[in-house]
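Colleague: Pasting model00.cif here (mmCIF, C-alpha atoms):
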data_structure
loop_
_atom_site.label_atom_id
_atom_site.label_comp_id
_atom_site.auth_asym_id
_atom_site.auth_seq_id
_atom_site.Cartn_x
_atom_site.Cartn_y
_atom_site.Cartn_z
CA MET A 1295 45.84 37.34 14.97
CA LYS A 1296 42.71 39.19 13.77
CA ALA A 1297 40.91 35.87 13.28
CA TYR A 1298 42.04 34.76 16.75
CA SER A 1299 40.60 38.00 18.20
CA LEU A 1300 37.30 37.28 16.46
CA PHE A 1301 37.39 33.75 17.89
CA LYS A 1302 38.02 35.18 21.38
CA LYS A 1303 35.08 37.55 20.95
CA ASP A 1304 32.84 34.66 19.88
CA TRP A 1305 34.01 32.41 22.68
CA GLN A 1306 33.46 35.09 25.33
CA SER A 1307 30.03 35.76 23.82
CA GLU A 1308 29.24 32.04 23.86
CA LEU A 1309 30.21 31.71 27.52
CA ARG A 1310 27.79 34.52 28.36
CA THR A 1311 24.86 33.60 26.14
CA ARG A 1312 25.31 29.77 25.98
CA TYR A 1313 23.79 30.01 22.52
CA ALA A 1314 25.45 26.89 21.04
CA ILE A 1315 26.77 24.99 24.09
CA ASN A 1316 23.32 24.47 25.63
CA ALA A 1317 21.83 23.32 22.32
CA LEU A 1318 24.70 20.87 21.80
CA ALA A 1319 24.64 19.50 25.35
CA MET A 1320 20.88 18.94 25.28
CA PHE A 1321 21.03 17.30 21.90
CA ILE A 1322 23.83 14.93 22.94
CA LEU A 1323 21.92 13.89 26.08
CA VAL A 1324 18.64 13.43 24.23
CA THR A 1325 20.06 11.39 21.33
CA ILE A 1326 22.12 9.10 23.56
CA SER A 1327 19.12 8.61 25.86
CA VAL A 1328 16.86 7.75 22.91
CA ILE A 1329 19.40 5.19 21.65
CA LEU A 1330 19.69 3.67 25.15
CA PHE A 1331 15.90 3.42 25.56
CA SER A 1332 15.38 1.94 22.10
CA ILE A 1333 18.07 -0.69 22.62
CA GLY A 1334 16.73 -1.71 26.04
CA GLN A 1335 18.17 -5.06 27.13
CA GLU A 1336 19.27 -6.02 23.60
CA LYS A 1337 22.91 -6.86 23.11
CA ILE A 1338 24.11 -4.89 20.07
CA SER A 1339 27.29 -5.52 18.09
CA ALA A 1340 30.40 -3.35 18.38
CA HIS A 1341 30.09 -2.34 14.71
CA LEU A 1342 26.55 -1.07 15.27
CA THR A 1343 27.61 1.04 18.27
CA GLY A 1344 30.36 2.53 16.07
CA GLY A 1345 27.75 3.48 13.47
CA LEU A 1346 25.40 4.94 16.06
CA LEU A 1347 28.27 7.03 17.46
CA TRP A 1348 28.52 8.95 14.17
CA VAL A 1349 24.74 9.32 14.00
CA VAL A 1350 24.88 11.10 17.39
CA ILE A 1351 27.82 13.24 16.25
CA PHE A 1352 26.20 14.14 12.90
CA PHE A 1353 22.88 15.25 14.41
CA SER A 1354 24.52 17.06 17.32
CA ALA A 1355 26.65 18.99 14.83
CA MET A 1356 23.46 19.86 12.93
CA SER A 1357 21.90 21.32 16.05
CA GLY A 1358 24.74 23.50 17.29
CA LEU A 1359 27.27 24.41 14.64
CA ALA A 1360 25.03 26.61 12.48
CA ARG A 1361 24.99 29.09 15.35
CA ALA A 1362 28.35 30.62 14.37
CA PHE A 1363 26.72 32.71 11.66
CA VAL A 1364 23.01 32.31 12.43
CA SER A 1365 23.39 33.95 15.85
CA GLU A 1366 25.04 37.01 14.22
CA GLU A 1367 22.24 37.20 11.64
CA GLU A 1368 19.47 36.77 14.24
CA ARG A 1369 20.93 39.41 16.56
CA GLY A 1370 21.51 41.77 13.62
CA THR A 1371 25.27 42.01 14.23
CA THR A 1372 26.31 40.81 10.76
CA LEU A 1373 26.78 44.41 9.64
CA THR A 1374 29.10 45.01 12.59
CA LEU A 1375 31.28 42.11 11.44
CA HIS A 1376 31.25 43.49 7.87
CA LEU A 1377 32.71 46.72 9.21
CA LEU A 1378 35.41 45.02 11.28
CA ALA A 1379 37.27 42.63 9.04
CA LYS A 1380 37.68 41.21 5.57
CA PRO A 1381 35.71 38.06 4.67
CA SER A 1382 38.60 35.57 4.97
CA THR A 1383 39.34 36.80 8.53
CA ILE A 1384 35.68 36.35 9.47
CA TYR A 1385 35.57 32.82 8.05
CA THR A 1386 38.80 31.89 9.84
CA GLY A 1387 37.57 33.28 13.17
CA LYS A 1388 34.27 31.43 12.87
CA LEU A 1389 36.12 28.26 11.83
CA TYR A 1390 38.34 28.42 14.96
CA PHE A 1391 35.19 28.68 17.05
CA ASN A 1392 33.49 25.72 15.35
CA VAL A 1393 36.68 23.61 15.48
CA LEU A 1394 36.88 24.10 19.25
CA LEU A 1395 33.16 23.38 19.63
CA VAL A 1396 33.35 20.20 17.52
CA TYR A 1397 36.40 18.86 19.39
CA LEU A 1398 34.74 19.53 22.76
CA MET A 1399 31.47 18.02 21.53
CA ASN A 1400 33.06 14.88 20.03
CA PHE A 1401 35.32 14.33 23.02
CA SER A 1402 32.30 14.48 25.36
CA ILE A 1403 30.23 12.20 23.12
CA VAL A 1404 32.99 9.56 22.90
CA ILE A 1405 33.54 9.61 26.70
CA ILE A 1406 29.79 9.34 27.50
CA TYR A 1407 29.38 6.72 24.80
CA SER A 1408 32.27 4.58 26.09
CA LEU A 1409 30.81 4.67 29.60
CA LEU A 1410 27.27 3.75 28.55
CA PHE A 1411 27.84 1.19 25.78
CA ASP A 1412 29.79 -1.90 26.87
CA SER A 1413 30.06 -3.26 23.34
CA PHE A 1414 31.73 -0.06 22.08
CA SER A 1415 35.30 -1.27 22.37
CA ILE A 1416 38.09 0.26 20.28
CA GLN A 1417 41.01 -2.09 19.61
CA SER A 1418 43.14 0.30 17.56
CA VAL A 1419 43.02 3.45 19.67
CA TRP A 1420 45.46 5.55 17.61
CA LEU A 1421 43.60 4.86 14.38
CA PHE A 1422 40.37 5.97 16.05
CA VAL A 1423 42.07 9.10 17.45
CA LEU A 1424 43.39 10.02 13.98
CA ALA A 1425 39.99 9.39 12.35
CA ALA A 1426 38.19 11.42 15.02
CA PHE A 1427 40.77 14.25 14.75
CA PHE A 1428 40.55 14.68 10.97
CA GLY A 1429 36.85 13.80 10.89
CA SER A 1430 35.98 16.43 13.49
CA PHE A 1431 37.99 19.01 11.55
CA GLY A 1432 36.07 18.10 8.39
CA ILE A 1433 32.75 18.46 10.20
CA ALA A 1434 33.82 21.89 11.51
CA VAL A 1435 34.98 23.15 8.10
CA SER A 1436 31.83 21.96 6.29
CA SER A 1437 29.47 23.14 9.04
CA THR A 1438 31.02 26.62 9.05
CA ILE A 1439 30.54 27.25 5.33
CA ILE A 1440 27.04 25.71 5.37
CA ALA A 1441 26.18 27.94 8.34
CA ALA A 1442 27.34 30.99 6.36
CA ILE A 1443 25.15 29.98 3.41
CA ILE A 1444 22.00 29.28 5.42
CA SER A 1445 22.34 32.37 7.62
CA LYS A 1446 21.23 34.41 4.59
CA ALA A 1447 18.15 32.23 4.02
CA SER A 1448 14.75 32.67 5.65
CA ALA A 1449 14.16 28.96 6.50
CA LYS A 1450 17.40 28.45 8.42
CA GLY A 1451 16.31 25.56 10.63
CA THR A 1452 15.20 23.23 7.86
CA LEU A 1453 17.80 24.21 5.32
CA TYR A 1454 20.82 23.32 7.45
CA PRO A 1455 20.37 19.51 7.68
CA VAL A 1456 19.14 19.38 4.07
CA LEU A 1457 22.24 21.17 2.79
CA ALA A 1458 24.61 19.46 5.23
CA PHE A 1459 23.54 15.90 4.43
CA PRO A 1460 25.00 15.61 0.88
CA ILE A 1461 28.11 17.58 1.85
CA LEU A 1462 28.82 15.55 4.99
CA LEU A 1463 27.78 12.16 3.57
CA PRO A 1464 31.21 11.25 2.06
CA LEU A 1465 32.85 12.26 5.34
CA ILE A 1466 30.43 10.21 7.47
CA LEU A 1467 30.86 7.16 5.21
CA ILE A 1468 34.65 7.24 5.47
CA LEU A 1469 34.45 7.80 9.23
CA LEU A 1470 32.13 4.80 9.60
CA GLU A 1471 34.67 2.70 7.72
CA LEU A 1472 37.58 3.91 9.84
CA THR A 1473 35.62 3.37 13.07
CA LYS A 1474 34.88 -0.20 11.97
CA TYR A 1475 38.61 -0.73 11.27
CA SER A 1476 39.57 0.63 14.70
CA ILE A 1477 37.00 -1.68 16.38
CA ASP A 1478 38.44 -4.61 14.38
CA GLY A 1479 41.96 -3.66 15.48
CA LYS A 1480 43.41 -2.76 12.06
CA SER A 1481 46.65 -0.78 12.08
CA ILE A 1482 47.12 2.77 10.76
CA ALA A 1483 49.19 1.39 7.84
CA GLU A 1484 46.33 -0.91 6.83
CA SER A 1485 43.90 2.04 6.83
CA TYR A 1486 46.16 4.36 4.86
CA VAL A 1487 43.81 4.82 1.87
CA GLU A 1488 40.80 5.74 4.02
CA LEU A 1489 42.89 8.16 6.09
CA ALA A 1490 44.23 9.76 2.89
CA VAL A 1491 40.66 10.19 1.58
CA LEU A 1492 39.66 11.75 4.92
CA ILE A 1493 42.53 14.26 4.80
CA CYS A 1494 41.76 15.04 1.12
CA TYR A 1495 38.14 15.77 2.06
CA ASP A 1496 39.33 18.25 4.72
CA VAL A 1497 41.73 19.99 2.32
CA ILE A 1498 39.14 20.21 -0.48
CA MET A 1499 36.42 21.56 1.81
CA LEU A 1500 38.79 24.10 3.38
CA THR A 1501 39.97 25.37 -0.01
CA ALA A 1502 36.45 25.49 -1.45
CA SER A 1503 35.21 27.33 1.66
CA TYR A 1504 37.81 30.10 1.37
CA MET A 1505 37.08 30.45 -2.35
CA LEU A 1506 33.31 30.60 -1.81
CA PHE A 1507 33.08 32.66 1.34
CA ASP A 1508 33.69 36.07 -0.32
CA PHE A 1509 30.67 35.52 -2.58
CA ILE A 1510 28.48 34.29 0.27
CA TRP A 1511 29.47 37.15 2.57
CA GLU A 1512 28.96 39.96 0.05
CA ASP A 1513 25.30 40.87 -0.24
CA MET B 988 47.17 66.20 4.88
CA ILE B 989 45.75 62.81 3.91
CA ASN B 990 43.51 63.10 0.88
CA TYR B 991 40.58 60.69 0.77
CA SER B 992 38.35 60.79 -2.27
CA LEU B 993 35.25 58.91 -3.31
CA THR B 994 33.90 58.77 -6.84
CA LEU B 995 30.46 57.43 -7.72
CA GLN B 996 30.29 56.30 -11.34
CA ASN B 997 26.87 55.62 -12.87
CA LEU B 998 25.69 54.06 -9.64
CA THR B 999 22.40 52.22 -10.11
CA LYS B 1000 20.50 50.03 -7.69
CA SER B 1001 17.31 48.09 -8.13
CA PHE B 1002 15.74 45.40 -5.95
CA GLY B 1003 14.15 42.98 -8.40
CA ARG B 1004 12.06 45.14 -10.72
CA ARG B 1005 11.94 48.10 -8.33
CA LEU B 1006 14.41 50.79 -9.27
CA ILE B 1007 15.85 52.66 -6.29
CA PHE B 1008 18.12 55.10 -8.14
CA LYS B 1009 19.86 55.31 -11.46
CA ASN B 1010 23.12 56.77 -12.76
CA ILE B 1011 24.36 58.66 -9.73
CA ASN B 1012 27.64 60.36 -10.58
CA ALA B 1013 29.44 62.34 -7.91
CA GLU B 1014 32.86 63.17 -6.54
CA PHE B 1015 33.56 63.61 -2.82
CA ASN B 1016 36.78 64.78 -1.15
CA SER B 1017 38.11 64.89 2.39
CA GLY B 1018 37.68 68.11 4.33
CA ASN B 1019 34.01 68.31 3.37
CA ILE B 1020 30.61 67.12 4.54
CA TYR B 1021 28.20 65.72 1.96
CA GLY B 1022 24.56 64.77 2.37
CA PHE B 1023 22.32 62.07 1.00
CA ALA B 1024 18.79 63.39 1.34
CA GLY B 1025 15.32 62.19 0.49
CA SER B 1026 12.06 61.10 2.02
CA ASN B 1027 11.54 57.77 3.79
CA GLY B 1028 12.18 54.84 1.44
CA SER B 1029 13.91 57.01 -1.15
CA GLY B 1030 17.13 54.98 -1.01
CA LYS B 1031 19.41 57.10 1.22
CA SER B 1032 20.39 54.13 3.37
CA THR B 1033 20.84 51.89 0.31
CA LEU B 1034 23.18 54.46 -1.22
CA ALA B 1035 25.08 54.79 2.08
CA GLN B 1036 25.46 50.99 2.28
CA ILE B 1037 26.70 50.76 -1.31
CA VAL B 1038 29.26 53.49 -0.64
CA ALA B 1039 30.33 51.62 2.51
CA GLY B 1040 30.76 48.40 0.51
CA ILE B 1041 28.10 46.58 2.55
CA ILE B 1042 25.85 45.86 -0.42
CA SER B 1043 26.69 45.75 -4.11
CA PRO B 1044 25.26 48.12 -6.70
CA THR B 1045 23.25 46.69 -9.61
CA SER B 1046 25.62 48.57 -11.92
CA GLY B 1047 28.22 51.29 -11.64
CA LYS B 1048 31.04 51.70 -9.15
CA ALA B 1049 32.03 53.47 -5.96
CA ILE B 1050 35.78 54.11 -6.16
CA HIS B 1051 37.61 54.92 -2.92
CA LYS B 1052 41.06 56.49 -3.09
CA LEU B 1053 43.56 57.39 -0.39
CA ASN B 1054 46.22 59.79 -1.67
CA ASN B 1055 45.23 58.75 -5.22
CA GLU B 1056 45.75 55.04 -4.49
CA ILE B 1057 42.64 52.92 -5.01
CA ILE B 1058 41.42 51.14 -1.87
CA THR B 1059 40.31 47.60 -2.64
CA SER B 1060 37.00 46.39 -1.21
CA ASP B 1061 38.66 43.95 1.21
CA LYS B 1062 40.62 46.82 2.82
CA LEU B 1063 37.83 49.38 2.89
CA HIS B 1064 36.83 48.51 6.48
CA GLN B 1065 40.18 49.90 7.71
CA TYR B 1066 39.32 53.40 6.43
CA LEU B 1067 35.61 53.44 7.17
CA GLY B 1068 33.54 54.47 10.18
CA PHE B 1069 29.84 53.77 9.85
CA VAL B 1070 26.83 54.65 11.99
CA SER B 1071 23.25 53.77 11.20
CA PRO B 1072 20.06 52.75 13.01
CA TYR B 1073 20.46 49.18 11.69
CA LEU B 1074 24.02 48.85 13.04
CA ILE B 1075 23.79 46.71 16.18
CA LEU B 1076 26.64 46.14 18.61
CA TYR B 1077 26.97 43.16 20.94
CA ASP B 1078 24.44 43.43 23.78
CA GLU B 1079 26.20 40.77 25.88
CA PHE B 1080 29.35 42.90 26.15
CA THR B 1081 29.98 46.15 27.97
CA ALA B 1082 30.70 49.34 26.03
CA GLU B 1083 34.39 49.01 26.81
CA GLU B 1084 34.49 45.34 25.77
CA ASN B 1085 32.73 46.14 22.49
CA LEU B 1086 35.36 48.77 21.70
CA ILE B 1087 38.32 46.57 22.73
CA HIS B 1088 37.03 43.60 20.71
CA SER B 1089 36.44 45.80 17.66
CA LEU B 1090 39.99 47.18 17.83
CA LYS B 1091 41.56 43.74 18.29
CA ILE B 1092 39.57 42.25 15.39
CA ARG B 1093 40.84 45.14 13.26
CA GLY B 1094 44.36 44.16 14.32
CA LEU B 1095 44.92 47.33 16.39
CA ASN B 1096 46.11 47.65 19.96
CA PRO B 1097 43.45 49.17 22.23
CA ASP B 1098 44.53 52.66 23.27
CA SER B 1099 42.94 53.17 26.68
CA GLU B 1100 43.49 56.94 26.55
CA ARG B 1101 41.61 57.27 23.22
CA ILE B 1102 38.82 55.03 24.51
CA LYS B 1103 38.52 57.24 27.60
CA VAL B 1104 38.48 60.47 25.56
CA LEU B 1105 35.78 59.18 23.22
CA LEU B 1106 33.66 57.77 26.05
CA ASP B 1107 33.97 61.14 27.79
CA THR B 1108 33.06 63.06 24.63
CA PHE B 1109 29.85 61.07 24.26
CA ASN B 1110 29.14 61.12 27.98
CA LEU B 1111 29.37 57.36 28.45
CA TYR B 1112 32.49 57.02 30.59
CA ASP B 1113 30.56 56.32 33.78
CA ARG B 1114 28.60 53.53 32.06
CA LYS B 1115 31.58 51.89 30.29
CA LYS B 1116 31.37 48.75 32.48
CA ASP B 1117 27.63 48.24 31.85
CA LEU B 1118 26.34 45.65 29.42
CA LEU B 1119 24.90 47.20 26.26
CA LYS B 1120 21.59 45.42 26.82
CA GLY B 1121 21.01 47.82 29.73
CA TYR B 1122 21.57 50.89 27.54
CA SER B 1123 18.81 53.19 26.35
CA SER B 1124 18.39 53.72 22.58
CA GLY B 1125 20.09 57.13 22.84
CA MET B 1126 23.09 55.61 24.65
CA LYS B 1127 23.29 52.85 22.05
CA GLN B 1128 23.35 55.52 19.34
CA ARG B 1129 26.20 57.33 21.12
CA ILE B 1130 28.29 54.15 21.51
CA LYS B 1131 27.90 53.60 17.75
CA PHE B 1132 29.68 56.91 17.14
CA ILE B 1133 32.57 55.80 19.36
CA PHE B 1134 32.64 52.47 17.50
CA ALA B 1135 32.87 54.40 14.21
CA LEU B 1136 35.61 56.77 15.39
CA ILE B 1137 37.78 54.51 17.55
CA HIS B 1138 40.11 53.39 14.72
CA ASN B 1139 40.46 56.94 13.35
CA PRO B 1140 39.05 56.27 9.86
CA GLN B 1141 39.31 58.70 6.93
CA LEU B 1142 35.76 58.15 5.69
CA LEU B 1143 32.81 58.58 8.04
CA ILE B 1144 29.33 57.64 6.90
CA PHE B 1145 26.55 58.58 9.29
CA ASP B 1146 23.11 57.38 8.24
CA GLU B 1147 20.43 59.17 10.27
CA PRO B 1148 23.06 60.29 12.78
CA THR B 1149 20.75 62.05 15.22
CA SER B 1150 18.02 59.42 15.51
CA ASN B 1151 17.20 58.60 19.15
CA LEU B 1152 19.34 61.49 20.43
CA ASP B 1153 18.19 64.30 22.71
CA ILE B 1154 19.25 67.92 22.14
CA LYS B 1155 22.43 67.51 24.19
CA GLY B 1156 23.34 64.37 22.23
CA LYS B 1157 22.63 66.07 18.91
CA ASP B 1158 24.86 69.01 19.84
CA ALA B 1159 27.69 66.63 20.77
CA VAL B 1160 27.30 64.87 17.40
CA TYR B 1161 27.23 68.12 15.40
CA LYS B 1162 30.32 69.36 17.24
CA MET B 1163 32.12 66.08 16.53
CA ILE B 1164 31.11 66.14 12.84
CA GLU B 1165 32.41 69.67 12.40
CA GLU B 1166 35.66 68.77 14.13
CA GLU B 1167 36.20 65.55 12.14
CA SER B 1168 35.29 67.19 8.82
CA LYS B 1169 38.41 69.35 8.94
CA GLU B 1170 40.53 66.41 7.79
CA LYS B 1171 38.11 63.66 6.87
CA LEU B 1172 35.42 62.93 4.36
CA ILE B 1173 32.00 62.83 5.99
CA ILE B 1174 28.73 61.67 4.43
CA LEU B 1175 25.42 62.21 6.20
CA GLY B 1176 22.28 60.35 5.16
CA SER B 1177 19.31 62.20 6.60
CA ASN B 1178 16.08 64.03 5.98
CA GLU B 1179 16.49 66.29 9.02
CA GLU B 1180 17.03 69.93 8.08
CA SER B 1181 19.41 70.47 11.00
CA ASP B 1182 21.64 67.55 9.87
CA LEU B 1183 21.67 68.62 6.23
CA SER B 1184 22.52 72.22 7.12
CA LEU B 1185 26.04 70.97 7.97
CA CYS B 1186 26.59 69.71 4.41
CA GLN B 1187 28.44 71.62 1.70
CA GLU B 1188 26.73 69.57 -1.01
CA THR B 1189 23.65 67.34 -0.94
CA ILE B 1190 22.48 64.59 -3.26
CA TYR B 1191 18.70 64.24 -3.39
CA VAL B 1192 18.34 60.53 -4.10
CA GLU B 1193 14.77 60.91 -5.42
CA ASN B 1194 16.10 63.01 -8.31
CA TYR B 1195 17.88 59.91 -9.57
CA LYS B 1196 14.77 57.81 -9.75
CA ASN B 1197 13.54 56.69 -13.16
CA SER B 1198 10.40 54.63 -13.54
CA GLU B 1199 11.46 52.95 -16.81
CA ILE B 1200 12.20 49.60 -15.18
CA ASP B 1201 8.88 49.61 -13.31
CA LYS B 1202 6.96 49.99 -16.52
CA ARG B 1203 8.60 47.03 -18.27
#
Rewrite the coordinates I just gave you, this time as structure tokens.
Modeller:
Amino acid sequence: MKAYSLFKKDWQSELRTRYAINALAMFILVTISVILFSIGQEKISAHLTGGLLWVVIFFSAMSGLARAFVSEEERGTTLTLHLLAKPSTIYTGKLYFNVLLVYLMNFSIVIIYSLLFDSFSIQSVWLFVLAAFFGSFGIAVSSTIIAAIISKASAKGTLYPVLAFPILLPLILILLELTKYSIDGKSIAESYVELAVLICYDVIMLTASYMLFDFIWED
Amino acid sequence: MINYSLTLQNLTKSFGRRLIFKNINAEFNSGNIYGFAGSNGSGKSTLAQIVAGIISPTSGKAIHKLNNEIITSDKLHQYLGFVSPYLILYDEFTAEENLIHSLKIRGLNPDSERIKVLLDTFNLYDRKKDLLKGYSSGMKQRIKFIFALIHNPQLLIFDEPTSNLDIKGKDAVYKMIEEESKEKLIILGSNEESDLSLCQETIYVENYKNSEIDKR
């Protein structure tokens, strides 16, 4: 309940300041436009569009999700949060916020992408939905803890993608594989191992985040 | 009466090779006002932040007890009210929204009557619907006191409590401190004579400075 209240505070703040939403929306538009311009009249394969989809998602996440903690640090309100709740509550509240942001972001990207790229055709819809669901959760969990780490650093902007790349790489690789399977029309049963790896990644990152956050949060 | 006590055991803080203070030992109890004094840069705010659990000491401990039961660091925020110049509330919210959010995040139900009384006490009731970004520095200082008192904490730490306040604001703060000190433990970090005159006991942080580390 306390974490939910923190999430509500963050969401209300976001609706007023548009700190993350504007950055995400602009980044999505710019990356998709760049891909469209660079492709031109070329006919690209369905597998390549699947790969490019996760490139857009990865870089959009890099641009907007660090804001959960960075905005508090930049505005000087980190101390206020320290005085309001224990570290696990703060991480949970920020995670709720990033989860919602990632689901909204990925949903918008997939819709825009489907409309603009004819060759992006998913045969196994439920497999893609499952992959996107657990993948988005993984991105939110990892991005939240990375945001907490980099908010304490002086070079926030450059550090985030550098730190996020090795942490998100296993997730992106498994998501690329699952997207390829869903384009090829494989069933959920046939993709069981990859889905299990995806869920394991989420569980490991979530556990590690809760274990680490106390140390990151304490000065 | 609830008994809140705070014990400082060999508290030492250094930033890199710069020693701020060394081996502070002290015992504080509710019903009293204590002061942390010293010139600018002497480490008053650092000591206040260590006591509040915001930053860690290099060595030593600050032990908080409520009725002789030790309060763990993850629960300290429930018993603590903190005001300082570097405490910043959310500018995009109104005063009332800031207070309601802070109570909800603490897991408490907002008591509109208490909010009204506190806003009245600090002369901010008429401006409760205004965004904080429109507040003057004195008004922001006053809302910080409400933020610190709203959850009725047993320990109140006020670092430079009267900064940015006019005479009327200072009087309201002194009156509140005297009232709250009857049952609570209050610590003031200041170098203002008028603030320190309220304290029963004062720690001069500079007296705990030792240049040994600097010379190494």
Colleague: Which protein, DNA or RNA residues are at most 10 Å from (39.6, 41.7, 17.9) in the file's coordinates when you count all atoms listed in the file, listed as a short mmCIF file (atom, residue, chain, number, x, y, z; two decimals) with C-alpha atoms, in the frame of the given file?
Modeller:
data_model
loop_
_atom_site.label_atom_id
_atom_site.label_comp_id
_atom_site.auth_asym_id
_atom_site.auth_seq_id
_atom_site.Cartn_x
_atom_site.Cartn_y
_atom_site.Cartn_z
CA MET A 1295 45.84 37.34 14.97
CA LYS A 1296 42.71 39.19 13.77
CA ALA A 1297 40.91 35.87 13.28
CA TYR A 1298 42.04 34.76 16.75
CA SER A 1299 40.60 38.00 18.20
CA LEU A 1300 37.30 37.28 16.46
CA PHE A 1301 37.39 33.75 17.89
CA LYS A 1302 38.02 35.18 21.38
CA LYS A 1303 35.08 37.55 20.95
CA ASP A 1304 32.84 34.66 19.88
CA LEU A 1378 35.41 45.02 11.28
CA ALA A 1379 37.27 42.63 9.04
CA GLY A 1387 37.57 33.28 13.17
CA ASN B 1085 32.73 46.14 22.49
CA LEU B 1086 35.36 48.77 21.70
CA ILE B 1087 38.32 46.57 22.73
CA HIS B 1088 37.03 43.60 20.71
CA SER B 1089 36.44 45.80 17.66
CA LEU B 1090 39.99 47.18 17.83
CA LYS B 1091 41.56 43.74 18.29
CA ILE B 1092 39.57 42.25 15.39
CA ARG B 1093 40.84 45.14 13.26
CA GLY B 1094 44.36 44.16 14.32
CA LEU B 1095 44.92 47.33 16.39
CA ASN B 1096 46.11 47.65 19.96
CA PRO B 1097 43.45 49.17 22.23
#
Colleague: Pull out every residue of chain B sitting within 8 Å of chain A, counting all atoms listed in the file, and send them as a list in words.
Modeller: Ile1041, Ile1042, Ser1043, Asp1061, Lys1062, His1064, Gln1065, Leu1067, Gly1068, Phe1069, Tyr1073, Leu1074, Ile1075, Leu1076, Tyr1077, Glu1079, Phe1080, His1088, Ser1089, Lys1091, Ile1092, Arg1093 and Gly1094 of chain B
Colleague: Would you save the residues from that selection as a compact mmCIF listing (two decimals), in the frame of the given file, using C-alpha atoms?
Modeller:
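Output (selection_18.txt):
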# COMPACT_ATOMS: atom_id res chain seq x y z
CA ILE B 1041 28.10 46.58 2.55
CA ILE B 1042 25.85 45.86 -0.42
CA SER B 1043 26.69 45.75 -4.11
CA ASP B 1061 38.66 43.95 1.21
CA LYS B 1062 40.62 46.82 2.82
CA HIS B 1064 36.83 48.51 6.48
CA GLN B 1065 40.18 49.90 7.71
CA LEU B 1067 35.61 53.44 7.17
CA GLY B 1068 33.54 54.47 10.18
CA PHE B 1069 29.84 53.77 9.85
CA TYR B 1073 20.46 49.18 11.69
CA LEU B 1074 24.02 48.85 13.04
CA ILE B 1075 23.79 46.71 16.18
CA LEU B 1076 26.64 46.14 18.61
CA TYR B 1077 26.97 43.16 20.94
CA GLU B 1079 26.20 40.77 25.88
CA PHE B 1080 29.35 42.90 26.15
CA HIS B 1088 37.03 43.60 20.71
CA SER B 1089 36.44 45.80 17.66
CA LYS B 1091 41.56 43.74 18.29
CA ILE B 1092 39.57 42.25 15.39
CA ARG B 1093 40.84 45.14 13.26
CA GLY B 1094 44.36 44.16 14.32
Colleague: Residues near stretch 1470-1485 of chain A, anyone? I mean within 10 Å using only C-alpha atoms, not counting same-chain ones fewer than 5 positions away, as a VMD selection string.
Modeller: chain A and resid 1340 to 1349 1413 to 1426 1429 1464 to 1465 1490 1492
Colleague: Selected by the PyMOL selection byres ((chain B and resi 1121-1127) around 10) in the shown coordinates: which residues, as JSON, numbers by chain?
Modeller: {"B": [1072, 1074, 1075, 1076, 1078, 1079, 1081, 1082, 1109, 1110, 1111, 1114, 1117, 1118, 1119, 1120, 1128, 1129, 1130, 1131, 1132, 1149, 1150, 1151, 1152, 1153, 1156]}
Colleague: Rounded to one decimal place, report the atom CA of A:Pro1455-atom CA of A:Ala1434 distance in Å.
Modeller: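 Separation of atom CA of A:Pro1455 and atom CA of A:Ala1434: 14.2 Å.
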Colleague: Just so the selection is clear, what residues does the PyMOL selection byres ((chain A and resi 1361) around 12) cover here, as a PyMOL selection string?
Modeller: chain A and resi 1304+1307-1308+1311-1318+1355-1360+1362-1369+1388-1389+1391-1392+1395+1437-1445+1450-1451+1454
Colleague: Give me a file of those residues, with C-alpha atoms, as a short mmCIF file (atom, residue, chain, number, x, y, z; two decimals), in the frame of the given file.
Modeller:
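Output contents, as saved in out24.cif:
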data_model
loop_
_atom_site.label_atom_id
_atom_site.label_comp_id
_atom_site.auth_asym_id
_atom_site.auth_seq_id
_atom_site.Cartn_x
_atom_site.Cartn_y
_atom_site.Cartn_z
CA ASP A 1304 32.84 34.66 19.88
CA SER A 1307 30.03 35.76 23.82
CA GLU A 1308 29.24 32.04 23.86
CA THR A 1311 24.86 33.60 26.14
CA ARG A 1312 25.31 29.77 25.98
CA TYR A 1313 23.79 30.01 22.52
CA ALA A 1314 25.45 26.89 21.04
CA ILE A 1315 26.77 24.99 24.09
CA ASN A 1316 23.32 24.47 25.63
CA ALA A 1317 21.83 23.32 22.32
CA LEU A 1318 24.70 20.87 21.80
CA ALA A 1355 26.65 18.99 14.83
CA MET A 1356 23.46 19.86 12.93
CA SER A 1357 21.90 21.32 16.05
CA GLY A 1358 24.74 23.50 17.29
CA LEU A 1359 27.27 24.41 14.64
CA ALA A 1360 25.03 26.61 12.48
CA ALA A 1362 28.35 30.62 14.37
CA PHE A 1363 26.72 32.71 11.66
CA VAL A 1364 23.01 32.31 12.43
CA SER A 1365 23.39 33.95 15.85
CA GLU A 1366 25.04 37.01 14.22
CA GLU A 1367 22.24 37.20 11.64
CA GLU A 1368 19.47 36.77 14.24
CA ARG A 1369 20.93 39.41 16.56
CA LYS A 1388 34.27 31.43 12.87
CA LEU A 1389 36.12 28.26 11.83
CA PHE A 1391 35.19 28.68 17.05
CA ASN A 1392 33.49 25.72 15.35
CA LEU A 1395 33.16 23.38 19.63
CA SER A 1437 29.47 23.14 9.04
CA THR A 1438 31.02 26.62 9.05
CA ILE A 1439 30.54 27.25 5.33
CA ILE A 1440 27.04 25.71 5.37
CA ALA A 1441 26.18 27.94 8.34
CA ALA A 1442 27.34 30.99 6.36
CA ILE A 1443 25.15 29.98 3.41
CA ILE A 1444 22.00 29.28 5.42
CA SER A 1445 22.34 32.37 7.62
CA LYS A 1450 17.40 28.45 8.42
CA GLY A 1451 16.31 25.56 10.63
CA TYR A 1454 20.82 23.32 7.45
#
